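Okay, target16.txt now, which holds compact mmCIF, C-alpha atoms:
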# COMPACT_ATOMS: atom_id res chain seq x y z
CA MET A 51 47.71 -18.47 -37.97
CA MET A 52 46.03 -17.19 -34.79
CA ASN A 53 42.33 -18.11 -34.49
CA LEU A 54 40.71 -14.95 -33.12
CA SER A 55 37.27 -16.55 -32.95
CA ASN A 56 38.51 -19.09 -30.43
CA PRO A 57 41.75 -17.76 -28.97
CA ALA A 58 43.96 -19.91 -26.82
CA PRO A 59 43.80 -19.18 -23.07
CA CYS A 60 47.36 -17.82 -23.04
CA THR A 61 46.90 -15.23 -25.82
CA PRO A 62 46.45 -11.48 -25.26
CA VAL A 63 43.17 -11.65 -27.17
CA PHE A 64 41.80 -14.18 -24.69
CA ALA A 65 42.88 -12.01 -21.78
CA LEU A 66 41.15 -9.00 -23.33
CA GLN A 67 37.95 -10.95 -23.96
CA HIS A 68 38.03 -12.28 -20.40
CA LEU A 69 38.46 -8.74 -19.04
CA LEU A 70 35.60 -7.44 -21.18
CA MET A 71 33.32 -10.24 -20.01
CA LYS A 72 34.12 -9.52 -16.36
CA THR A 73 33.54 -5.80 -16.91
CA PHE A 74 30.21 -6.47 -18.60
CA ALA A 75 29.13 -8.77 -15.76
CA LEU A 76 30.11 -6.12 -13.21
CA LEU A 77 28.17 -3.42 -15.05
CA CYS A 78 25.09 -5.69 -15.21
CA ALA A 79 25.36 -6.38 -11.48
CA LEU A 80 25.67 -2.66 -10.73
CA ALA A 81 22.67 -1.91 -12.94
CA LEU A 82 20.56 -4.57 -11.23
CA THR A 83 21.63 -3.24 -7.84
CA ALA A 84 20.64 0.27 -8.87
CA ILE A 85 17.26 -0.95 -10.15
CA SER A 86 16.64 -2.92 -6.94
CA SER A 87 17.66 0.06 -4.85
CA SER A 88 15.36 2.34 -6.83
CA ALA A 89 12.47 -0.13 -6.44
CA ALA A 90 13.14 -0.37 -2.72
CA GLU A 91 13.14 3.42 -2.41
CA SER A 92 9.86 3.73 -4.31
CA SER A 93 8.27 1.12 -2.05
CA LYS A 94 9.05 3.06 1.14
CA PRO A 95 5.96 4.73 2.60
CA ASP A 96 5.81 8.49 2.86
CA ARG A 97 3.91 8.43 6.14
CA THR A 98 2.71 5.90 8.71
CA LEU A 99 -0.31 6.12 11.02
CA LYS A 100 -0.99 3.77 13.91
CA LEU A 101 -4.60 2.60 13.94
CA TRP A 102 -5.07 2.70 17.68
CA GLU A 103 -3.66 5.09 20.28
CA GLY A 104 -3.85 2.41 22.93
CA LYS A 105 -4.30 -1.33 22.83
CA PRO A 106 -6.42 -2.63 19.94
CA PRO A 107 -9.66 -4.38 20.93
CA GLY A 108 -9.60 -8.06 21.78
CA ASP A 109 -7.02 -10.41 23.23
CA PHE A 110 -4.22 -10.69 20.68
CA THR A 111 -0.55 -11.55 21.13
CA THR A 112 2.17 -12.47 18.66
CA PRO A 113 4.51 -15.45 19.08
CA GLY A 114 7.56 -13.23 18.59
CA PRO A 115 8.83 -9.83 17.41
CA GLU A 116 7.67 -8.36 14.11
CA THR A 117 9.64 -10.00 11.29
CA LEU A 118 10.10 -9.19 7.61
CA THR A 119 11.46 -12.08 5.55
CA GLU A 120 12.95 -11.30 2.15
CA PRO A 121 12.32 -13.68 -0.77
CA LYS A 122 14.83 -16.39 -1.68
CA PRO A 123 16.18 -16.83 -5.23
CA THR A 124 14.75 -20.35 -5.25
CA ASP A 125 11.20 -19.24 -4.43
CA LYS A 126 8.69 -20.04 -7.16
CA LEU A 127 6.92 -16.79 -6.27
CA PRO A 128 9.50 -14.41 -4.77
CA ILE A 129 7.61 -12.38 -2.19
CA GLN A 130 8.31 -10.57 1.05
CA ARG A 131 6.59 -11.95 4.14
CA LEU A 132 5.71 -9.80 7.15
CA THR A 133 4.46 -11.40 10.35
CA ASN A 134 4.04 -10.89 14.10
CA VAL A 135 2.33 -7.53 13.61
CA ALA A 136 1.10 -6.46 17.05
CA GLU A 137 0.62 -2.75 16.28
CA PRO A 138 -1.55 -2.42 13.16
CA ARG A 139 -0.90 0.61 10.98
CA LEU A 140 -1.50 2.34 7.67
CA GLU A 141 1.52 2.99 5.46
CA PHE A 142 0.82 5.84 3.02
CA TYR A 143 2.10 6.42 -0.50
CA LEU A 144 1.31 9.98 -1.51
CA PRO A 145 0.86 11.21 -5.09
CA VAL A 146 2.50 14.30 -6.56
CA LYS A 147 -0.88 15.45 -7.86
CA ALA A 148 -3.78 14.08 -5.82
CA ASN A 149 -7.15 13.39 -7.46
CA GLY A 150 -9.08 13.58 -4.17
CA ASN A 151 -9.59 9.82 -3.80
CA ALA A 152 -7.87 7.21 -1.66
CA VAL A 153 -7.49 3.44 -1.50
CA ILE A 154 -6.69 1.22 1.47
CA ILE A 155 -5.01 -2.03 0.41
CA VAL A 156 -5.31 -5.22 2.48
CA PRO A 157 -2.56 -7.71 1.52
CA GLY A 158 -3.05 -11.46 1.39
CA GLY A 159 -0.94 -14.12 3.08
CA GLY A 160 -3.32 -16.75 4.41
CA PHE A 161 -3.55 -14.96 7.80
CA GLY A 162 -0.14 -16.36 8.75
CA VAL A 163 1.88 -13.63 7.05
CA LEU A 164 1.24 -10.43 5.08
CA ALA A 165 2.44 -10.38 1.47
CA SER A 166 2.86 -6.66 1.94
CA GLN A 167 5.06 -5.98 -1.07
CA HIS A 168 3.62 -7.71 -4.14
CA GLU A 169 0.08 -7.46 -2.70
CA GLY A 170 0.68 -4.19 -0.92
CA SER A 171 3.30 -1.57 -1.73
CA GLU A 172 3.48 -2.50 -5.44
CA LEU A 173 -0.23 -1.84 -5.86
CA ALA A 174 0.04 1.27 -3.65
CA THR A 175 2.58 2.79 -6.04
CA TRP A 176 0.30 1.84 -8.97
CA PHE A 177 -2.54 3.80 -7.38
CA ARG A 178 -0.22 6.62 -6.28
CA ASP A 179 1.03 7.07 -9.85
CA ARG A 180 -2.61 7.58 -10.89
CA GLY A 181 -3.27 10.31 -8.34
CA PHE A 182 -4.73 8.26 -5.47
CA VAL A 183 -3.61 8.52 -1.88
CA ALA A 184 -2.75 4.85 -1.31
CA ALA A 185 -2.29 3.16 2.04
CA VAL A 186 -1.23 -0.42 2.81
CA LEU A 187 -2.89 -1.86 5.89
CA GLN A 188 -0.48 -3.89 8.00
CA HIS A 189 -3.11 -5.55 10.19
CA ARG A 190 -2.64 -7.79 13.19
CA CYS A 191 -0.94 -11.03 12.19
CA PRO A 192 -0.71 -14.02 12.52
CA THR A 193 -4.32 -14.99 13.15
CA ASN A 194 -4.33 -18.28 11.21
CA LYS A 195 -4.57 -20.36 14.39
CA LEU A 196 -7.53 -18.44 15.83
CA PRO A 197 -11.14 -19.69 15.54
CA LYS A 198 -12.07 -16.60 13.51
CA GLN A 199 -9.01 -15.89 11.39
CA TRP A 200 -10.64 -12.85 9.82
CA GLU A 201 -11.83 -11.16 13.02
CA PHE A 202 -8.90 -8.98 14.11
CA PRO A 203 -7.87 -8.14 10.52
CA ALA A 204 -11.47 -7.08 9.72
CA GLU A 205 -11.62 -4.95 12.87
CA ASP A 206 -8.38 -3.27 11.82
CA THR A 207 -9.80 -2.72 8.33
CA GLN A 208 -12.92 -0.99 9.63
CA ARG A 209 -10.79 1.14 11.91
CA ALA A 210 -8.50 2.03 8.98
CA VAL A 211 -11.42 3.29 6.88
CA SER A 212 -12.76 5.37 9.77
CA LEU A 213 -9.30 6.75 10.56
CA LEU A 214 -8.59 7.82 6.99
CA ARG A 215 -12.06 9.36 6.66
CA ALA A 216 -11.57 11.26 9.92
CA LYS A 217 -8.25 12.61 8.64
CA ALA A 218 -9.34 13.01 5.02
CA ALA A 219 -8.64 16.77 4.98
CA ASP A 220 -5.05 16.16 6.12
CA PHE A 221 -4.44 14.02 3.02
CA GLY A 222 -6.44 16.06 0.51
CA VAL A 223 -9.01 13.25 0.26
CA GLN A 224 -12.75 13.60 -0.10
CA PRO A 225 -14.53 11.72 2.72
CA ASP A 226 -16.76 10.03 0.12
CA GLY A 227 -13.83 8.98 -2.08
CA ILE A 228 -12.30 6.17 -0.02
CA GLY A 229 -11.95 2.72 -1.56
CA LEU A 230 -10.91 -0.65 -0.17
CA PHE A 231 -8.86 -3.25 -2.06
CA GLY A 232 -8.23 -6.81 -0.89
CA PHE A 233 -5.96 -9.53 -2.27
CA SER A 234 -6.51 -13.20 -1.36
CA ALA A 235 -7.08 -13.44 2.43
CA GLY A 236 -7.17 -9.65 2.39
CA GLY A 237 -10.08 -9.96 -0.05
CA GLN A 238 -12.00 -12.02 2.48
CA VAL A 239 -11.18 -9.44 5.17
CA ALA A 240 -12.18 -6.50 2.97
CA LEU A 241 -15.48 -8.12 1.98
CA ILE A 242 -16.41 -8.95 5.58
CA ALA A 243 -15.40 -5.49 6.81
CA ALA A 244 -17.32 -3.72 4.02
CA THR A 245 -20.51 -5.76 4.47
CA ASN A 246 -20.70 -5.30 8.25
CA ASP A 247 -20.38 -1.52 8.32
CA ASP A 248 -23.84 -1.02 9.86
CA ALA A 249 -22.79 -2.96 12.97
CA ARG A 250 -19.10 -2.31 13.68
CA LEU A 251 -17.22 -5.51 14.49
CA TYR A 252 -15.76 -4.08 17.71
CA PRO A 253 -17.02 -1.72 20.43
CA ALA A 254 -16.49 1.95 19.55
CA ALA A 255 -13.59 3.31 21.59
CA ASP A 256 -13.22 6.98 20.63
CA ASP A 257 -14.30 9.71 18.20
CA ILE A 258 -12.59 7.94 15.28
CA ASP A 259 -15.03 5.06 15.72
CA LYS A 260 -17.95 7.46 15.37
CA VAL A 261 -16.92 8.05 11.75
CA SER A 262 -18.37 5.69 9.13
CA CYS A 263 -16.27 2.61 8.30
CA ARG A 264 -18.08 1.98 5.00
CA PRO A 265 -15.79 2.24 1.95
CA ASN A 266 -17.20 4.07 -1.07
CA PHE A 267 -15.93 1.48 -3.53
CA LEU A 268 -14.61 -2.04 -3.14
CA MET A 269 -12.10 -4.08 -5.18
CA LEU A 270 -11.31 -7.77 -4.68
CA CYS A 271 -8.62 -9.77 -6.45
CA TYR A 272 -8.75 -13.58 -5.99
CA ALA A 273 -10.56 -13.24 -2.65
CA TRP A 274 -9.64 -16.32 -0.58
CA HIS A 275 -12.12 -18.67 1.12
CA ILE A 276 -15.19 -16.48 0.84
CA LEU A 277 -17.31 -19.59 0.36
CA ALA A 278 -19.02 -21.16 3.37
CA ASP A 279 -17.28 -24.26 4.68
CA ASN A 280 -17.83 -27.33 2.48
CA SER A 281 -20.03 -25.36 0.09
CA LEU A 282 -19.87 -24.23 -3.51
CA THR A 283 -23.26 -22.53 -3.40
CA GLU A 284 -23.13 -20.23 -0.34
CA LEU A 285 -20.88 -17.44 0.87
CA LYS A 286 -19.42 -17.33 4.38
CA PRO A 287 -22.11 -16.41 6.93
CA GLU A 288 -20.06 -13.37 8.00
CA ILE A 289 -20.51 -11.81 4.55
CA HIS A 290 -23.69 -9.71 4.38
CA ILE A 291 -24.07 -8.29 0.89
CA GLY A 292 -27.00 -5.89 0.63
CA LYS A 293 -28.20 -2.75 -1.09
CA ASN A 294 -25.72 -0.59 0.85
CA THR A 295 -22.68 -2.64 -0.16
CA PRO A 296 -20.30 -0.39 -2.15
CA PRO A 297 -19.89 -0.75 -5.94
CA THR A 298 -17.52 -3.68 -6.39
CA PHE A 299 -14.86 -4.87 -8.83
CA LEU A 300 -13.86 -8.56 -8.75
CA ALA A 301 -11.10 -10.39 -10.63
CA GLN A 302 -9.55 -13.83 -10.46
CA ALA A 303 -8.47 -16.86 -12.48
CA ASN A 304 -10.60 -19.91 -13.21
CA ASP A 305 -7.67 -22.24 -12.50
CA ASP A 306 -7.09 -20.75 -9.03
CA LYS A 307 -7.10 -23.68 -6.61
CA GLY A 308 -6.77 -21.44 -3.55
CA SER A 309 -9.59 -19.01 -4.28
CA LEU A 310 -12.28 -20.84 -6.16
CA ALA A 311 -14.06 -19.02 -8.95
CA GLU A 312 -17.40 -20.02 -7.40
CA GLY A 313 -16.72 -17.57 -4.56
CA SER A 314 -16.25 -14.52 -6.78
CA THR A 315 -19.19 -15.64 -8.94
CA LEU A 316 -21.53 -15.98 -5.97
CA ALA A 317 -20.41 -12.61 -4.62
CA PHE A 318 -21.15 -11.02 -7.99
CA LEU A 319 -24.59 -12.64 -8.16
CA ALA A 320 -25.39 -11.49 -4.62
CA LEU A 321 -24.34 -7.94 -5.52
CA ARG A 322 -26.46 -8.07 -8.65
CA LYS A 323 -29.48 -9.34 -6.70
CA ALA A 324 -29.04 -6.51 -4.18
CA GLY A 325 -28.96 -3.94 -6.98
CA VAL A 326 -25.31 -3.04 -6.37
CA SER A 327 -23.17 -2.04 -9.33
CA ALA A 328 -20.59 -4.80 -9.82
CA GLU A 329 -18.09 -6.03 -12.39
CA LEU A 330 -16.57 -9.52 -12.52
CA HIS A 331 -13.58 -10.78 -14.53
CA ILE A 332 -12.72 -14.49 -14.48
CA TYR A 333 -9.70 -15.44 -16.58
CA SER A 334 -9.02 -18.92 -17.91
CA THR A 335 -5.49 -19.00 -16.48
CA GLY A 336 -3.55 -17.14 -13.82
CA GLY A 337 -3.51 -19.33 -10.73
CA HIS A 338 -3.24 -17.61 -7.37
CA GLY A 339 -1.11 -14.90 -5.80
CA PHE A 340 0.12 -13.09 -8.91
CA GLY A 341 -0.54 -9.55 -7.74
CA LEU A 342 0.61 -7.05 -10.35
CA ARG A 343 3.36 -9.27 -11.73
CA PRO A 344 2.65 -10.35 -15.32
CA ASN A 345 3.57 -13.85 -16.45
CA ASP A 346 2.64 -16.12 -19.34
CA THR A 347 -0.93 -16.65 -18.06
CA GLN A 348 -3.93 -14.46 -18.79
CA ALA A 349 -4.99 -12.79 -15.56
CA PRO A 350 -1.90 -10.94 -14.24
CA GLY A 351 -1.20 -8.77 -17.27
CA ASP A 352 -4.83 -7.86 -17.95
CA TRP A 353 -6.76 -7.16 -14.76
CA PRO A 354 -5.05 -3.82 -13.93
CA GLY A 355 -6.24 -2.44 -17.27
CA ARG A 356 -9.78 -3.60 -16.55
CA LEU A 357 -9.57 -1.94 -13.13
CA GLU A 358 -8.45 1.33 -14.74
CA LEU A 359 -11.50 1.28 -17.01
CA TRP A 360 -13.77 0.54 -14.04
CA LEU A 361 -12.29 3.42 -12.03
CA ARG A 362 -12.69 5.75 -15.00
CA ALA A 363 -16.30 4.68 -15.50
CA ARG A 364 -16.98 5.57 -11.87
CA LYS A 365 -15.31 8.99 -12.35
CA LEU A 366 -12.59 8.08 -9.86
CA LEU A 367 -9.79 8.32 -12.42
CA SER A 368 -9.36 10.62 -15.39
CA ALA A 369 -8.26 9.34 -18.79
CA GLU A 370 -5.11 11.48 -18.55
CA ALA A 371 -4.15 10.06 -15.16
CA ALA A 372 -4.61 6.50 -16.40
CA LYS A 373 -1.91 6.90 -19.07

Is it possible to express this structure as structure tokens?
Amino acid sequence: MMNLSNPAPCTPVFALQHLLMKTFALLCALALTAISSSAAESSKPDRTLKLWEGKPPGDFTTPGPETLTEPKPTDKLPIQRLTNVAEPRLEFYLPVKANGNAVIIVPGGGFGVLASQHEGSELATWFRDRGFVAAVLQHRCPTNKLPKQWEFPAEDTQRAVSLLRAKAADFGVQPDGIGLFGFSAGGQVALIAATNDDARLYPAADDIDKVSCRPNFLMLCYAWHILADNSLTELKPEIHIGKNTPPTFLAQANDDKGSLAEGSTLAFLALRKAGVSAELHIYSTGGHGFGLRPNDTQAPGDWPGRLELWLRARKLLSAEAAK
């Protein structure tokens, strides 16, 4: 009697099962390709603006041409890496129905690269889907071997805020509805840029630089190395939190060994002391660099919901748009 549950390799039933398995595998591969292609399409910016018409301020050169490295299957955290950015720019993701507000996103990457997908375009599409004009800042990089790693990125960030505010009408954005979001090293950059708005970090070059570089709201996710060197009780001296610092949202994990929870805590306490509206979320687990990608730890799957509530409380996002 033929055993159909375990057919011999030479039987027609085996051949049919083998063909079905190959067909199923092919269909799965095609589906994954389609999903990847769709994700890639959705991550393409709708518009790009150079920050500077001429040469950016300061003496900056890259060690080679601009390079985008795709993640490897063996990577523990599969992320794109962009580096050798000599011409900083804003890459815009435009909503179908704009709510009048905008967010500039500063990716992390330790100043050696820009994690411009999982800490850039993925968050930009999240904001875009909620009615925000979202722009990813591809700032000058790498700067990790410079004495002040944050300097050129922070200059680019201030310029980006001024540029978007100057062109707010072109994007259907209210000039007083511009936010700044920083991940990891981008969180350090965003915090320095936002707390030095009264004294621009570079000499004004044109009319764009006459427009305020102060964001109207600030969001930091696992801001990297915002503590002073060799300190757990002081922030970096370049950070000047005061009464004019924008309302701020902070989130990170307690088990983050790259961005210590003391940094976010001290920033929150400084904001509170200055009378600035602030909200802090520290999760037991989450590590570092998770972006918007949920995993089996606490922080990644929860903080976007907390951010939605914060944006709604500030009247920057309607309940309908948050759904």

Which residues of range 240-338 of chain A sit at most 10 Å from range 154-159 of chain A, using all atoms listed in the file? Give each one's shortest atom pair and distance in Å (one decimal place), in chain and ascending residue order, as a tab-separated table.
residue	atom	partner	partner_atom	distance
A:Ala240	CA	A:Val156	CA	7.0
A:Pro265	CA	A:Ile154	CA	9.2
A:Leu268	CA	A:Ile154	CA	9.7
A:Met269	CA	A:Ile155	CA	9.3
A:Leu270	CA	A:Val156	CA	9.7
A:Cys271	CA	A:Gly158	CA	9.8
A:Tyr272	CA	A:Gly158	CA	9.6
A:Ala273	CA	A:Gly158	CA	8.7
A:Trp274	CA	A:Gly158	CA	8.4

Counting only C-alpha atoms, which of A:Ala210, A:Leu132, A:Val163, A:Val223 gets nearest to Lys100 in chain A?
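So, comparing all the options, the nearest one is A:Ala210.
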
Closest pair table for range 114-221 of chain A residues within 12 Å of range 283-298 of chain A, only C-alpha atoms, as a Markdown table:
| residue | atom | partner | partner_atom | distance |
| --- | --- | --- | --- | --- |
| A:Lys198 | CA | A:Glu288 | CA | 10.2 |
| A:Gln199 | CA | A:Glu288 | CA | 11.8 |
| A:Trp200 | CA | A:Glu288 | CA | 9.6 |
| A:Glu201 | CA | A:Glu288 | CA | 9.9 |
| A:Ala204 | CA | A:Glu288 | CA | 10.8 |

Counting only C-alpha atoms, which residue out of A:Pro354, A:Asn266, A:Asn134, A:Leu251 sits closest to Pro113 in chain A?
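Closest candidate: A:Asn134.
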
A:Gly236, A:Pro253, A:Gly170, A:Gly336 ranked by distance to Pro203 in chain A, top pick (using only C-alpha atoms):
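Using only C-alpha atoms, Pro203 in chain A sits closest to A:Gly236.
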
State, in Å with one decimal place, the distance from CA of Arg209 in chain A to CA of Leu173 in chain A.
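Here the two named atoms are 20.9 Å from each other.
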
Using only C-alpha atoms: which of A:Pro197, A:Pro145, A:Gly229, A:Gly160 has the shortest distance to His338 in chain A:
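Between A:Pro197, A:Pro145, A:Gly229, A:Gly160, the residue approaching His338 in chain A most closely is A:Gly160.
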
Between A:Leu164, A:Ile129, A:Ala243, A:Leu187, which is the closest to Glu141 in chain A once you count all atoms listed in the file?
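Closest to Glu141 in chain A, using all atoms listed in the file: A:Leu187.
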
Work out how far apart CA of Gly162 in chain A and CA of Phe231 in chain A are and give it in Å to one decimal.
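One can read the CA of Gly162 in chain A to CA of Phe231 in chain A distance as 19.1 Å.
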